file final_26.csv (CSV, C-alpha atoms)
chain,number,residue,atom,x,y,z
J,20,MET,CA,-10.9,33.9,18.1
J,21,ASN,CA,-12.2,30.3,18.4
J,22,LEU,CA,-15.7,29.6,17.2
J,23,ARG,CA,-15.9,26.1,18.6
J,24,THR,CA,-18.0,25.4,21.6
J,25,PRO,CA,-16.2,24.6,24.9
J,26,LEU,CA,-17.8,21.1,24.8
J,27,SER,CA,-16.5,20.3,21.3
J,28,ARG,CA,-13.0,21.5,22.3
J,29,ALA,CA,-13.1,19.4,25.5
J,30,ARG,CA,-14.1,16.3,23.4
J,31,GLY,CA,-11.4,17.1,20.9
J,32,LEU,CA,-13.0,14.9,18.2
J,33,GLY,CA,-13.3,17.5,15.4
J,34,SER,CA,-15.6,17.3,12.4
J,35,ALA,CA,-14.9,13.7,11.7
J,36,LYS,CA,-16.1,12.7,15.1
J,37,GLU,CA,-13.2,10.5,15.9
J,38,GLY,CA,-10.3,12.8,16.6
J,39,THR,CA,-6.9,11.8,15.3
J,40,HIS,CA,-7.6,8.0,15.5
J,41,HIS,CA,-7.6,7.4,11.7
J,42,TRP,CA,-4.7,9.8,11.1
J,43,TRP,CA,-2.6,8.2,13.9
J,44,TRP,CA,-3.1,4.6,12.7
J,45,GLN,CA,-2.4,5.5,9.1
J,46,ARG,CA,1.0,6.9,10.3
J,47,LEU,CA,1.8,4.1,12.7
J,48,THR,CA,1.2,1.4,10.0
J,49,ALA,CA,3.1,3.5,7.5
J,50,VAL,CA,6.2,3.6,9.7
J,51,ALA,CA,5.9,-0.2,10.3
J,52,LEU,CA,5.5,-0.9,6.6
J,53,VAL,CA,8.8,0.9,5.7
J,54,PRO,CA,11.1,-1.9,7.0
J,55,LEU,CA,8.5,-4.7,6.5
J,56,SER,CA,7.8,-4.0,2.8
J,57,LEU,CA,11.5,-3.6,2.0
J,58,TRP,CA,12.2,-6.9,3.8
J,59,PHE,CA,9.5,-8.5,1.7
J,60,ILE,CA,10.8,-7.3,-1.6
J,61,VAL,CA,14.3,-8.3,-0.8
J,62,SER,CA,13.1,-11.8,0.3
J,63,LEU,CA,11.1,-12.2,-2.9
J,64,VAL,CA,14.1,-11.2,-5.1
J,65,CYS,CA,16.3,-13.7,-3.1
J,66,MET,CA,13.8,-16.5,-3.9
J,67,ILE,CA,13.4,-15.9,-7.6
J,68,GLY,CA,13.3,-19.4,-9.2
J,69,ALA,CA,12.6,-21.1,-5.9
J,70,ASP,CA,10.3,-24.2,-6.1
J,71,HIS,CA,7.4,-24.8,-3.7
J,72,ALA,CA,9.4,-26.8,-1.2
J,73,GLU,CA,12.0,-23.9,-0.9
J,74,ILE,CA,9.2,-21.3,-0.4
J,75,VAL,CA,7.6,-23.5,2.3
J,76,ALA,CA,11.0,-24.0,4.1
J,77,TRP,CA,11.4,-20.2,4.0
J,78,MET,CA,8.0,-19.5,5.5
J,79,GLN,CA,8.4,-22.1,8.2
J,80,ALA,CA,11.3,-20.2,9.8
J,81,PRO,CA,9.7,-18.7,12.9
J,82,ALA,CA,11.1,-15.2,12.2
J,83,VAL,CA,9.7,-15.3,8.7
J,84,SER,CA,6.3,-16.4,9.9
J,85,LEU,CA,6.3,-13.6,12.4
J,86,LEU,CA,7.4,-10.9,9.9
J,87,LEU,CA,4.9,-12.1,7.3
J,88,ILE,CA,2.0,-12.0,9.7
J,89,LEU,CA,3.1,-8.5,10.9
J,90,PHE,CA,3.4,-7.4,7.3
J,91,ILE,CA,-0.1,-8.7,6.4
J,92,ILE,CA,-1.7,-6.9,9.4
J,93,MET,CA,0.0,-3.6,8.8
J,94,LEU,CA,-0.5,-3.8,5.0
J,95,PHE,CA,-4.2,-4.5,5.1
J,96,HIS,CA,-4.9,-2.1,7.9
J,97,HIS,CA,-3.0,0.7,6.1
J,98,ALA,CA,-4.6,-0.1,2.7
J,99,GLN,CA,-8.2,0.0,4.1
J,100,LEU,CA,-7.5,3.2,5.9
J,101,GLY,CA,-6.2,4.7,2.7
J,102,VAL,CA,-8.9,3.5,0.4
J,103,GLN,CA,-11.5,4.7,3.0
J,104,VAL,CA,-10.3,8.2,2.5
J,105,VAL,CA,-10.5,7.9,-1.3
J,106,ILE,CA,-14.1,6.7,-1.0
J,107,GLU,CA,-15.0,9.5,1.4
J,108,ASP,CA,-13.5,12.0,-1.0
J,109,TYR,CA,-15.0,10.8,-4.3
J,110,VAL,CA,-18.2,8.9,-3.6
J,111,HIS,CA,-20.8,11.5,-2.9
J,112,SER,CA,-24.1,9.6,-2.7
J,113,LYS,CA,-24.7,8.6,0.9
J,114,TRP,CA,-25.9,5.0,0.3
J,115,GLN,CA,-23.1,4.4,-2.3
J,116,LYS,CA,-20.5,5.7,0.2
J,117,VAL,CA,-21.8,3.6,3.1
J,118,THR,CA,-22.1,0.5,0.9
J,119,SER,CA,-18.6,0.8,-0.5
J,120,LEU,CA,-17.1,1.5,2.9
J,121,VAL,CA,-18.8,-1.6,4.4
J,122,LEU,CA,-17.6,-3.8,1.4
J,123,LEU,CA,-14.1,-2.3,1.8
J,124,LYS,CA,-13.9,-3.1,5.5
J,125,PHE,CA,-15.2,-6.7,5.0
J,126,LEU,CA,-12.9,-7.3,2.1
J,127,ALA,CA,-9.9,-6.1,4.0
J,128,MET,CA,-10.7,-8.3,7.0
J,129,ILE,CA,-11.4,-11.4,4.9
J,130,ALA,CA,-8.3,-11.0,2.8
J,131,ALA,CA,-6.1,-10.3,5.9
J,132,LEU,CA,-7.4,-13.3,7.8
J,133,ALA,CA,-7.1,-15.6,4.8
J,134,SER,CA,-3.5,-14.5,4.3
J,135,ILE,CA,-2.7,-15.1,8.0
J,136,ILE,CA,-4.4,-18.5,7.9
J,137,ALA,CA,-2.3,-19.4,4.8
J,138,VAL,CA,0.9,-18.4,6.5
J,139,LEU,CA,0.0,-20.3,9.7
J,140,LYS,CA,-1.0,-23.4,7.7
J,141,VAL,CA,2.4,-23.5,6.0
J,142,SER,CA,4.4,-22.6,9.1
J,143,LEU,CA,2.7,-25.1,11.3
J,144,GLY,CA,3.1,-27.8,8.6
J,145,LEU,CA,-0.6,-28.5,8.5
U,11,MET,CA,-35.3,26.2,-5.5
U,12,SER,CA,-33.1,24.4,-8.0
U,13,ALA,CA,-29.4,25.0,-7.5
U,14,ARG,CA,-27.5,25.5,-10.7
U,15,GLN,CA,-24.8,22.8,-11.3
U,16,ARG,CA,-21.7,25.0,-10.9
U,17,PRO,CA,-18.2,23.5,-11.0
U,18,LEU,CA,-16.8,23.1,-7.5
U,19,SER,CA,-13.3,24.0,-6.5
U,20,PRO,CA,-10.6,22.8,-7.1
U,21,HIS,CA,-11.1,23.4,-10.8
U,22,LEU,CA,-8.7,20.7,-11.9
U,23,GLN,CA,-9.3,21.3,-15.6
U,24,VAL,CA,-7.9,24.8,-15.5
U,25,TYR,CA,-4.9,24.0,-13.4
U,26,LYS,CA,-1.5,23.6,-15.0
U,27,PRO,CA,-0.1,20.3,-13.6
U,28,GLN,CA,2.8,21.0,-11.2
U,29,LEU,CA,5.3,18.6,-9.8
U,30,THR,CA,3.7,18.9,-6.3
U,31,SER,CA,0.2,18.2,-7.5
U,32,VAL,CA,1.2,15.4,-9.8
U,33,LEU,CA,3.2,13.7,-7.1
U,34,SER,CA,0.3,14.1,-4.7
U,35,ILE,CA,-2.2,12.4,-7.0
U,36,THR,CA,0.4,9.8,-7.9
U,37,HIS,CA,0.7,8.9,-4.2
U,38,ARG,CA,-3.0,8.2,-4.2
U,39,ALA,CA,-3.0,6.3,-7.4
U,40,THR,CA,-0.1,4.1,-6.4
U,41,GLY,CA,-1.8,3.5,-3.0
U,42,LEU,CA,-4.9,2.2,-4.7
U,43,PHE,CA,-2.9,0.0,-7.1
U,44,LEU,CA,-0.9,-1.4,-4.1
U,45,GLY,CA,-4.2,-2.2,-2.5
U,46,LEU,CA,-4.9,-4.5,-5.5
U,47,GLY,CA,-1.4,-5.9,-5.0
U,48,ALA,CA,-2.3,-6.8,-1.4
U,49,LEU,CA,-5.1,-8.9,-2.7
U,50,VAL,CA,-2.7,-10.6,-5.1
U,51,LEU,CA,-0.3,-11.2,-2.2
U,52,CYS,CA,-3.3,-12.9,-0.4
U,53,TYR,CA,-3.8,-15.1,-3.5
U,54,TRP,CA,-0.1,-16.0,-3.6
U,55,LEU,CA,0.0,-17.0,0.0
U,56,LEU,CA,-3.2,-19.1,-0.4
U,57,ALA,CA,-1.5,-20.8,-3.4
U,58,VAL,CA,1.6,-21.6,-1.4
U,59,ALA,CA,-0.6,-23.1,1.4
U,60,ALA,CA,-2.7,-25.1,-1.1
U,61,GLY,CA,0.3,-27.1,-2.3
U,62,PRO,CA,2.7,-27.4,-5.2
U,63,GLU,CA,0.1,-27.7,-7.9
U,64,PHE,CA,-1.6,-24.4,-7.1
U,65,TYR,CA,1.7,-22.7,-6.5
U,66,GLY,CA,2.8,-23.8,-9.9
U,67,ARG,CA,-0.3,-22.2,-11.4
U,68,ALA,CA,0.5,-19.0,-9.5
U,69,GLN,CA,4.0,-19.1,-10.8
U,70,GLY,CA,2.7,-19.5,-14.3
U,71,ILE,CA,0.8,-16.2,-13.9
U,72,THR,CA,3.7,-14.3,-12.3
U,73,GLY,CA,6.1,-15.6,-14.9
U,74,SER,CA,3.9,-14.5,-17.9
U,75,TRP,CA,4.5,-11.2,-19.7
U,76,TYR,CA,1.5,-9.6,-18.1
U,77,GLY,CA,2.4,-11.0,-14.7
U,78,GLN,CA,5.9,-9.5,-15.0
U,79,LEU,CA,4.5,-6.2,-16.2
U,80,LEU,CA,2.1,-6.1,-13.2
U,81,LEU,CA,4.9,-7.1,-10.8
U,82,PHE,CA,7.1,-4.3,-12.2
U,83,GLY,CA,4.2,-1.9,-11.7
U,84,TRP,CA,3.8,-3.0,-8.1
U,85,VAL,CA,7.5,-2.8,-7.3
U,86,ALA,CA,7.7,0.7,-8.8
U,87,SER,CA,4.5,1.8,-7.0
U,88,LEU,CA,5.7,0.4,-3.7
U,89,TYR,CA,9.0,2.3,-3.9
U,90,TYR,CA,7.3,5.5,-5.0
U,91,HIS,CA,4.6,5.2,-2.3
U,92,LEU,CA,7.2,4.4,0.3
U,93,CYS,CA,9.6,7.3,-0.6
U,94,ASN,CA,6.8,9.8,-0.9
U,95,GLY,CA,5.3,8.4,2.3
U,96,ILE,CA,8.5,9.3,4.2
U,97,ARG,CA,8.2,12.8,2.7
U,98,HIS,CA,4.7,12.9,4.1
U,99,LEU,CA,5.9,11.8,7.5
U,100,PHE,CA,8.4,14.7,7.5
U,101,TRP,CA,5.5,17.1,6.7
U,102,ASP,CA,3.5,15.6,9.6
U,103,ALA,CA,6.4,16.3,11.9
U,104,GLY,CA,6.4,20.0,10.7
U,105,TYR,CA,9.4,20.0,8.4
U,106,GLY,CA,9.9,20.8,4.7
U,107,PHE,CA,7.0,23.1,3.9
U,108,GLU,CA,9.0,25.8,2.1
U,109,LEU,CA,8.3,25.8,-1.7
U,110,LYS,CA,12.0,25.2,-2.5
U,111,THR,CA,12.2,22.3,-0.1
U,112,THR,CA,8.9,20.8,-1.3
U,113,TYR,CA,10.3,20.7,-4.9
U,114,ALA,CA,13.7,19.4,-3.8
U,115,SER,CA,12.1,16.6,-1.8
U,116,GLY,CA,9.7,15.9,-4.7
U,117,TYR,CA,12.6,15.4,-7.1
U,118,ALA,CA,14.5,13.4,-4.5
U,119,VAL,CA,11.5,11.0,-4.2
U,120,VAL,CA,11.2,10.5,-8.0
U,121,ALA,CA,15.0,9.9,-8.3
U,122,ALA,CA,15.1,7.5,-5.3
U,123,SER,CA,12.1,5.4,-6.5
U,124,VAL,CA,13.5,5.2,-10.1
U,125,ILE,CA,16.9,4.1,-8.8
U,126,LEU,CA,15.4,1.5,-6.3
U,127,THR,CA,13.1,0.1,-9.0
U,128,VAL,CA,15.9,-0.2,-11.6
U,129,VAL,CA,18.3,-1.8,-9.1
U,130,THR,CA,15.7,-4.3,-8.0
U,131,TRP,CA,15.0,-5.4,-11.5
U,132,ILE,CA,18.6,-5.6,-12.5
U,133,VAL,CA,19.3,-7.8,-9.5
U,134,ALA,CA,16.2,-9.9,-10.2
U,135,ALA,CA,17.2,-10.3,-13.9
U,136,MET,CA,20.7,-11.3,-12.9
U,137,ARG,CA,19.4,-13.9,-10.4
U,138,LEU,CA,17.0,-15.2,-13.1
U,139,GLY,CA,19.7,-15.3,-15.8
U,140,GLY,CA,22.3,-16.8,-13.4
U,141,GLY,CA,19.9,-19.7,-12.6
U,142,ALA,CA,20.5,-19.1,-8.9

call {"tool": "encode", "arguments": {"input": "final_26.csv", "output": "structure tokens"}}
result
Amino acid sequence: MNLRTPLSRARGLGSAKEGTHHWWWQRLTAVALVPLSLWFIVSLVCMIGADHAEIVAWMQAPAVSLLLILFIIMLFHHAQLGVQVVIEDYVHSKWQKVTSLVLLKFLAMIAALASIIAVLKVSLGL
Amino acid sequence: MSARQRPLSPHLQVYKPQLTSVLSITHRATGLFLGLGALVLCYWLLAVAAGPEFYGRAQGITGSWYGQLLLFGWVASLYYHLCNGIRHLFWDAGYGFELKTTYASGYAVVAASVILTVVTWIVAAMRLGGGA
């Protein structure tokens, strides 16, 4: 027996009103972050003791710039999707929930953009 | 009508912690901690972009005892969150729900993340000691 109305079934959006969108992007970014975060750790370990010029030279390699920006996008998107669920689970007052969600989304966007700009500035030699 | 404040399920205070529940909440805790790490990554990238002086200051922080402690925590958290995340992806695909399998994969995740963390720090210490 299915108690959902035919309209709600046709829309397929469920109680969260957005279907599997959040779930799907959480998984997609997770899969991308497996190789990207391992690459990042290995790179950092390889550069232990490197001075500023060596870090800059590393970041200026086109492949490194590309991977770093990809890593930043996937990381911040994944992080804000995850923290969003924690807020939704544990913050119960409506205005506190909405306020923290808005702050979270803005913070993630600003930090991601600042990180990308930093990488571009270095890789373009500005 | 005033509703009496009754405890809501799940009654965490009367549950005996099990491997499965502890790993589950650890996944969330490491995820939150890694979120903070993402902000530190942002700071590090900005320091690199701002020039040698700022980068030197960032290096002073990462080289300090608390910087090293935090870095160790982030590396360990990342390996745990990554390994347990792969376990979650298998569940998403519909595999590994039997109680025995859940415990086996749980122990495998703990072992894998401990080994990866220790290996990373041994290699890092060797590179630091070798003056590479």

call {"tool": "interface_residues", "arguments": {"input": "final_26.csv", "of": "chain J", "to": "chain U", "cutoff": "9 Å", "atoms": "all atoms listed in the file", "output": "MDAnalysis selection string"}}
result
chainID J and resid 46 49:50 52:53 56:57 60:61 64:72 74:75 91 94:95 98:99 101:102 105 127 130:131 133:141 145

call {"tool": "atom_distance", "arguments": {"input": "final_26.csv", "atom1": "atom CA of U:Ser115", "atom2": "atom CA of U:Val129"}}
result
20.7 Å

call {"tool": "atom_distance", "arguments": {"input": "final_26.csv", "atom1": "atom CA of J:Leu86", "atom2": "atom CA of U:Gly47"}}
result
18.0 Å

call {"tool": "atom_distance", "arguments": {"input": "final_26.csv", "atom1": "atom CA of U:Tyr90", "atom2": "atom CA of U:Leu33"}}
result
9.4 Å

call {"tool": "decode", "arguments": {"input": "final_26.csv", "residues": "stretch 25-54 of chain J", "atoms": "N, CA and C atoms", "output": "PDB file, in the first residue's frame"}}
result
ATOM      1  N   PRO J  25      -0.810  10.535  -5.902  1.00  0.00           N
ATOM      2  CA  PRO J  25      -0.236  10.363  -7.240  1.00  0.00           C
ATOM      3  C   PRO J  25       0.611  11.561  -7.658  1.00  0.00           C
ATOM      4  N   LEU J  26       0.178  12.780  -7.250  1.00  0.00           N
ATOM      5  CA  LEU J  26       0.935  13.980  -7.635  1.00  0.00           C
ATOM      6  C   LEU J  26       2.315  13.971  -6.989  1.00  0.00           C
ATOM      7  N   SER J  27       2.368  13.619  -5.668  1.00  0.00           N
ATOM      8  CA  SER J  27       3.656  13.636  -4.979  1.00  0.00           C
ATOM      9  C   SER J  27       4.578  12.570  -5.576  1.00  0.00           C
ATOM     10  N   ARG J  28       3.973  11.433  -6.005  1.00  0.00           N
ATOM     11  CA  ARG J  28       4.798  10.380  -6.609  1.00  0.00           C
ATOM     12  C   ARG J  28       5.337  10.832  -7.967  1.00  0.00           C
ATOM     13  N   ALA J  29       4.481  11.543  -8.718  1.00  0.00           N
ATOM     14  CA  ALA J  29       4.912  12.008 -10.030  1.00  0.00           C
ATOM     15  C   ALA J  29       6.018  13.042  -9.907  1.00  0.00           C
ATOM     16  N   ARG J  30       5.910  13.899  -8.887  1.00  0.00           N
ATOM     17  CA  ARG J  30       6.959  14.914  -8.693  1.00  0.00           C
ATOM     18  C   ARG J  30       8.255  14.255  -8.237  1.00  0.00           C
ATOM     19  N   GLY J  31       8.126  13.203  -7.416  1.00  0.00           N
ATOM     20  CA  GLY J  31       9.300  12.454  -6.977  1.00  0.00           C
ATOM     21  C   GLY J  31      10.271  13.254  -6.143  1.00  0.00           C
ATOM     22  N   LEU J  32       9.774  14.245  -5.385  1.00  0.00           N
ATOM     23  CA  LEU J  32      10.683  15.110  -4.640  1.00  0.00           C
ATOM     24  C   LEU J  32      10.771  14.761  -3.158  1.00  0.00           C
ATOM     25  N   GLY J  33       9.872  13.907  -2.651  1.00  0.00           N
ATOM     26  CA  GLY J  33       9.964  13.456  -1.262  1.00  0.00           C
ATOM     27  C   GLY J  33       9.722  14.554  -0.244  1.00  0.00           C
ATOM     28  N   SER J  34       9.969  14.238   1.050  1.00  0.00           N
ATOM     29  CA  SER J  34       9.644  15.174   2.118  1.00  0.00           C
ATOM     30  C   SER J  34      10.612  16.345   2.172  1.00  0.00           C
ATOM     31  N   ALA J  35      11.812  16.172   1.609  1.00  0.00           N
ATOM     32  CA  ALA J  35      12.779  17.267   1.631  1.00  0.00           C
ATOM     33  C   ALA J  35      12.535  18.256   0.494  1.00  0.00           C
ATOM     34  N   LYS J  36      11.585  17.956  -0.386  1.00  0.00           N
ATOM     35  CA  LYS J  36      11.165  18.847  -1.477  1.00  0.00           C
ATOM     36  C   LYS J  36      12.224  19.066  -2.541  1.00  0.00           C
ATOM     37  N   GLU J  37      13.270  18.276  -2.520  1.00  0.00           N
ATOM     38  CA  GLU J  37      14.271  18.479  -3.574  1.00  0.00           C
ATOM     39  C   GLU J  37      14.781  17.152  -4.118  1.00  0.00           C
ATOM     40  N   GLY J  38      14.027  16.063  -3.880  1.00  0.00           N
ATOM     41  CA  GLY J  38      14.403  14.781  -4.444  1.00  0.00           C
ATOM     42  C   GLY J  38      15.764  14.307  -3.976  1.00  0.00           C
ATOM     43  N   THR J  39      16.551  13.743  -4.903  1.00  0.00           N
ATOM     44  CA  THR J  39      17.842  13.167  -4.513  1.00  0.00           C
ATOM     45  C   THR J  39      18.999  14.116  -4.830  1.00  0.00           C
ATOM     46  N   HIS J  40      18.683  15.394  -5.081  1.00  0.00           N
ATOM     47  CA  HIS J  40      19.717  16.330  -5.522  1.00  0.00           C
ATOM     48  C   HIS J  40      20.876  16.433  -4.524  1.00  0.00           C
ATOM     49  N   HIS J  41      20.537  16.672  -3.249  1.00  0.00           N
ATOM     50  CA  HIS J  41      21.564  16.793  -2.211  1.00  0.00           C
ATOM     51  C   HIS J  41      22.355  15.499  -2.092  1.00  0.00           C
ATOM     52  N   TRP J  42      21.629  14.397  -2.003  1.00  0.00           N
ATOM     53  CA  TRP J  42      22.252  13.064  -1.846  1.00  0.00           C
ATOM     54  C   TRP J  42      23.222  12.796  -2.991  1.00  0.00           C
ATOM     55  N   TRP J  43      22.769  13.080  -4.218  1.00  0.00           N
ATOM     56  CA  TRP J  43      23.571  12.764  -5.403  1.00  0.00           C
ATOM     57  C   TRP J  43      24.859  13.581  -5.434  1.00  0.00           C
ATOM     58  N   TRP J  44      24.760  14.882  -5.144  1.00  0.00           N
ATOM     59  CA  TRP J  44      25.964  15.713  -5.181  1.00  0.00           C
ATOM     60  C   TRP J  44      26.928  15.372  -4.064  1.00  0.00           C
ATOM     61  N   GLN J  45      26.402  14.976  -2.902  1.00  0.00           N
ATOM     62  CA  GLN J  45      27.268  14.521  -1.809  1.00  0.00           C
ATOM     63  C   GLN J  45      28.118  13.333  -2.263  1.00  0.00           C
ATOM     64  N   ARG J  46      27.484  12.406  -2.990  1.00  0.00           N
ATOM     65  CA  ARG J  46      28.211  11.209  -3.467  1.00  0.00           C
ATOM     66  C   ARG J  46      29.169  11.548  -4.592  1.00  0.00           C
ATOM     67  N   LEU J  47      28.706  12.387  -5.524  1.00  0.00           N
ATOM     68  CA  LEU J  47      29.550  12.743  -6.662  1.00  0.00           C
ATOM     69  C   LEU J  47      30.833  13.436  -6.196  1.00  0.00           C
ATOM     70  N   THR J  48      30.698  14.401  -5.272  1.00  0.00           N
ATOM     71  CA  THR J  48      31.871  15.093  -4.758  1.00  0.00           C
ATOM     72  C   THR J  48      32.731  14.141  -3.931  1.00  0.00           C
ATOM     73  N   ALA J  49      32.092  13.194  -3.221  1.00  0.00           N
ATOM     74  CA  ALA J  49      32.857  12.225  -2.416  1.00  0.00           C
ATOM     75  C   ALA J  49      33.751  11.385  -3.320  1.00  0.00           C
ATOM     76  N   VAL J  50      33.188  10.894  -4.430  1.00  0.00           N
ATOM     77  CA  VAL J  50      33.959  10.057  -5.355  1.00  0.00           C
ATOM     78  C   VAL J  50      35.125  10.862  -5.936  1.00  0.00           C
ATOM     79  N   ALA J  51      34.876  12.134  -6.282  1.00  0.00           N
ATOM     80  CA  ALA J  51      35.944  12.974  -6.833  1.00  0.00           C
ATOM     81  C   ALA J  51      37.032  13.223  -5.796  1.00  0.00           C
ATOM     82  N   LEU J  52      36.625  13.338  -4.513  1.00  0.00           N
ATOM     83  CA  LEU J  52      37.582  13.689  -3.474  1.00  0.00           C
ATOM     84  C   LEU J  52      38.493  12.526  -3.084  1.00  0.00           C
ATOM     85  N   VAL J  53      38.118  11.292  -3.414  1.00  0.00           N
ATOM     86  CA  VAL J  53      38.996  10.163  -3.081  1.00  0.00           C
ATOM     87  C   VAL J  53      40.360  10.340  -3.746  1.00  0.00           C
ATOM     88  N   PRO J  54      40.445  10.413  -5.092  1.00  0.00           N
ATOM     89  CA  PRO J  54      41.775  10.621  -5.685  1.00  0.00           C
ATOM     90  C   PRO J  54      42.344  12.014  -5.404  1.00  0.00           C
TER      91      PRO J  54
END
